[in-house]
Amino acid sequence: MTNNINLFLNPFELYNIPLDDWISAAIDFLVNNFRPLFQAIRFPVSLALDGIEWLFLAIPPLIFLLIIGLIVWQLAGRAIAIYSVIALTLIGFLGIWEEAMVSLALVMTAVAFCTVVGIPVGIASAKSDRVDGLVKPLLDVMQTIPSFVYLVPVVMLFGIGKIPGVMATFIVAVPPLIRLTNLGIRQVSLEVVEAAQSFGSTPSQLLWEVQIPLALPTILAGLNQTVLLALAMSVVTSMIAVPGLGLIVLQGVGRLDVGLAAVGGLGIVLIAVMLDRVAQAVGKSNSQLPWKQRGPIGFLLSQSGSQKLTSVSITLAFFLTLYAGLFTGQPTTQATIEATTPEIAMPGQGMMVSSGVGTTTSSRFLTEVLNLGLSNLGYRIKEQQLSSIPTMHIGVVQGDLDFYGSHWETLHEPFFQKNGGEENLERVGTILSNTLQGYQIDKKTADEYHITNLKQLQDPKIAKLFDSDGNGKANLIGCIPGWSCESVIDHHLQAYELKDTVEHIQGDYSALMGDILTRHQQGKPILYYAWTPNWIASLLEPGKDAVWLEVPFTSLPQEQGELGEQDTSVEGKNLGFAVDQVRVLAKPPEAPRPTL
C-alpha cells in the first residue's frame, strides 16, 4: 500500500525518458556515416586558422606591436592604441606571448566565421518572419545550453585540438551577432524605408545603402559581444586540448598553482579589454572624424611637403623591416625536440608524433619520459595536447593523437571498449605496474576512532566526523566527473549501503584536494579518494599522515570485467579498486593513420 502511494505521489519513478541514449545514438550515427563531411568542414577552418596563427607567430613581437598600434590608432584613436601596445607589451614580459598569439588567432578565426554566417542569417531573419520564427528557437537553445555541453558532440564529430575549439567557439559566439543584426535592421524607421522606396530604390539598394548603414551600430554591438564570448571560450575549449591562454589557466587550476592561473587569466583580461574598446570605438565611428582625417593616415595627409616625404620614408623603412622580419624569421607554432642520437640508431628519423597528456601531474611526468625516449630514437615530438581521459581515447581513435601514455588497463577499460576496443586501439608495454587506488582518511582520526573499513561509515556518528558542509553526511572527495573512478565510487556507495551517510563530492580534483590539505593542517578529519603514484602521496604520506581504508568485499561496475578479491587486494588489504598497470594507448599498426 505504501509503495502504491509513493508511486502515485512520484509517478516519475515509473519511467524515465532515455534522452541521453537517443542523443548518444544520434551522435554515433553521425560519426559512423558522415565523418567525411565533418572532415570537409574542418578544411576551410584549418586553412584560415593555420594562416592567421602562422602570421601572428612569424611577425617579430616588436613589429607586431607597431602594427597593432597603428591599426588601433586608425580605428579607435590614440588612447586605445597606447593601451593596446602597453597591454601586449605586458603580455610579452609575462612570458605568454606565443600563447596569447595562439588564442588571438583562434578568436579571430572564430569571429571571422561568425561574421560570415551570422550577418547573412541576421539579415534573412529581419527580411522574413518565417525565417525569424525558425531561427529564434535555435538561438534560444544555443544561448541557454551551458558551453561545456558543446564540447562532447564537437569532440565526437571533429576530434580534439584547435579546429574543434573553433567550432565550439562558433556555436557559443554567433547567436548575439544574429540577434542584433536582425534587431538593427528591424529598428530602421519605416518612414526612412518608405522614402527610399519612393525614390525608386531596389531591394538591394535599400538593404546596402539604407538599412545596413543605419543598423551598423547595433550590428557592431553584436560583433563586440561575439568577440568577447569567443575569448571567454578559450578556457572552456582548453579542456579539449586547445592551446593558448586558456590552457595556462587550466594547468594552473590542475596544479593548484594560483600564480600560473592568474597569469593566464590576466592575459585573457588584457586582450578582452583591448578588443572590447576597439569594437566600441568602431561602433561609434559615425561620430568621429572621417577616416582620412584621423589616425596615422590623417597624420600623414596633414603633413607639409618635406614633412610628408620624411613620414613616407619612415613608413617605407618600417614595412621593409617588416618584410625582412616576416620572411627571415621562423614561426614557432610547434615545439619540437630534436634527437641527437647517431642516425643509425634512429628508427624514427624524420617522423613526427603527437602525444596526449592528462591533467594530472603523474600523467604529465609519464608523458614527458615517453617523449624523451622517443626523441632519443629520432622522432620529432609535436606539442603535447592536454585534455581529459575520455577525450584522449577519442583523440587516439580519430588520429588526432599518436599515443596516450597514461592508460590504466583496468580502470580505463570502459573508455577502451567504448572507442572500439582492440579493433581500433592497442595497449603497448607496461610503464607502471601495481598502481593502487582507494579511500584514505587522516591517521589521527583513524587511530582515535579505530576506523579501518569503509563500511564503518554506515554509522552516522562516524560519518559526521567527515562532514564539512553541515548536512550530517561524510564528504568523500572523489574524482573529476567523467573519470572511470567516478562510476566505481558511485557503485561502492550503492553496494556498501553508504548512500544515506556518505556524499560523493566531485569537481576539479586538485582544487578539492587543496581544501583537504587545508583541513588536514587545521587538524580536522579528512576522507578522500587517492591513487599512487600521485603528488598527494608526498604531502599525505600513507602510513604516516593517512591510512588506506579496506572495503567489506570486492564489487566493481560490470564494464570493468569479472574481478575478485585477489585482483583488488595488496598486502592482505582489500582496497576495492583493481591493482592496475599503466600502459601506452595507440592505434594498431594496420589501422589507417593520418599523414603528418
# chains A, B, ... in the order shown; residues from 1 in each chain; ligands from 1
>>> residues_around(residues="Arg427 of chain A", least_positions_apart="6", cutoff="10 Å", atoms="only C-alpha atoms", output="PyMOL selection string")
chain A and resi 403-405+407-409+416+421+582-588
>>> residues_around(residues="segment 356-364 of chain A", least_positions_apart="6", cutoff="8 Å", atoms="only C-alpha atoms", output="VMD selection string")
chain A and resid 251 254 to 255 384 to 389 392 401 to 406 533 to 535
>>> select_by_dssp(residues="segment 77-286 of chain A", states="alpha helix (DSSP H)", output="JSON, numbers by chain")
{"A": [78, 79, 80, 81, 82, 83, 84, 85, 86, 87, 88, 89, 90, 91, 92, 93, 97, 98, 99, 100, 101, 102, 103, 104, 105, 106, 107, 108, 109, 110, 111, 112, 113, 114, 115, 116, 117, 118, 119, 120, 121, 122, 123, 124, 125, 126, 127, 129, 130, 131, 132, 133, 134, 135, 136, 137, 138, 139, 140, 141, 142, 143, 144, 151, 152, 153, 154, 155, 156, 157, 158, 162, 163, 164, 165, 166, 167, 168, 169, 170, 171, 172, 173, 174, 175, 176, 177, 178, 179, 180, 181, 182, 183, 184, 185, 186, 190, 191, 192, 193, 194, 195, 196, 197, 198, 203, 204, 205, 206, 212, 213, 214, 215, 216, 217, 218, 219, 220, 221, 222, 223, 224, 225, 226, 227, 228, 229, 230, 231, 232, 233, 234, 235, 236, 237, 245, 246, 247, 248, 249, 250, 251, 252, 253, 254, 258, 259, 260, 261, 262, 263, 264, 265, 266, 267, 268, 269, 270, 271, 272, 273, 274, 275, 276, 277, 278, 279, 280, 281, 282, 283]}
>>> closest_residue(among="A:Gly438, A:Lys544, A:Ile68, A:His504", to="Asn574 of chain A", atoms="only C-alpha atoms")
A:Gly438
>>> residues_around(residues="Gln197 of chain A", least_positions_apart="6", cutoff="12 Å", atoms="only C-alpha atoms", output="list in words")
Leu190, Glu191, Pro203, Ser204, Gln205, Leu206, Leu207, Glu209, Val210 and Gln211 of chain A
>>> write_last_selection(atoms="C-alpha atoms", output="PDB file, in the first residue's frame")
ATOM      1  CA  LEU A 190       9.575  52.656 -41.546  1.00  0.00           C
ATOM      2  CA  GLU A 191       9.382  56.251 -42.830  1.00  0.00           C
ATOM      3  CA  PRO A 203      15.620  45.902 -52.602  1.00  0.00           C
ATOM      4  CA  SER A 204      19.407  45.500 -52.704  1.00  0.00           C
ATOM      5  CA  GLN A 205      19.952  49.275 -52.707  1.00  0.00           C
ATOM      6  CA  LEU A 206      17.514  49.621 -49.813  1.00  0.00           C
ATOM      7  CA  LEU A 207      19.422  46.995 -47.832  1.00  0.00           C
ATOM      8  CA  GLU A 209      22.596  51.838 -48.767  1.00  0.00           C
ATOM      9  CA  VAL A 210      19.864  52.492 -46.195  1.00  0.00           C
ATOM     10  CA  GLN A 211      19.140  49.706 -43.731  1.00  0.00           C
TER      11      GLN A 211
END
>>> atom_distance(atom1="atom CA of Val111 of chain A", atom2="atom CA of Ile171 of chain A")
10.8 Å
>>> closest_residue(among="A:Thr218, A:Thr391, A:Gln437, A:Ser24", to="Phe415 of chain A", atoms="only C-alpha atoms")
A:Thr391
>>> closest_atom_pairs(of="segment 125-169 of chain A", to="segment 82-102 of chain A", cutoff="12 Å", atoms="only C-alpha atoms", output="Markdown table")
| residue | atom | partner | partner_atom | distance |
| --- | --- | --- | --- | --- |
| A:Lys162 | CA | A:Val102 | CA | 9.5 |
| A:Gly165 | CA | A:Val102 | CA | 11.9 |
| A:Val166 | CA | A:Val102 | CA | 11.8 |
>>> atom_distance(atom1="atom CA of Glu571 of chain A", atom2="atom CA of Gly543 of chain A")
13.4 Å
>>> residues_around(residues="segment 527-532 of chain A", least_positions_apart="4", cutoff="9 Å", atoms="only C-alpha atoms", output="list of chain:residue names")
A:Ser362, A:Thr435, A:Leu436, A:Gln437, A:Gly438, A:Tyr439, A:Gln440, A:Ile441, A:Asp442, A:Phe466, A:Ala474, A:Asn475, A:Leu476, A:Ile477, A:Gly478, A:Cys479, A:Cys485, A:Ile489, A:Met513, A:Ile516, A:Ile536, A:Ala537
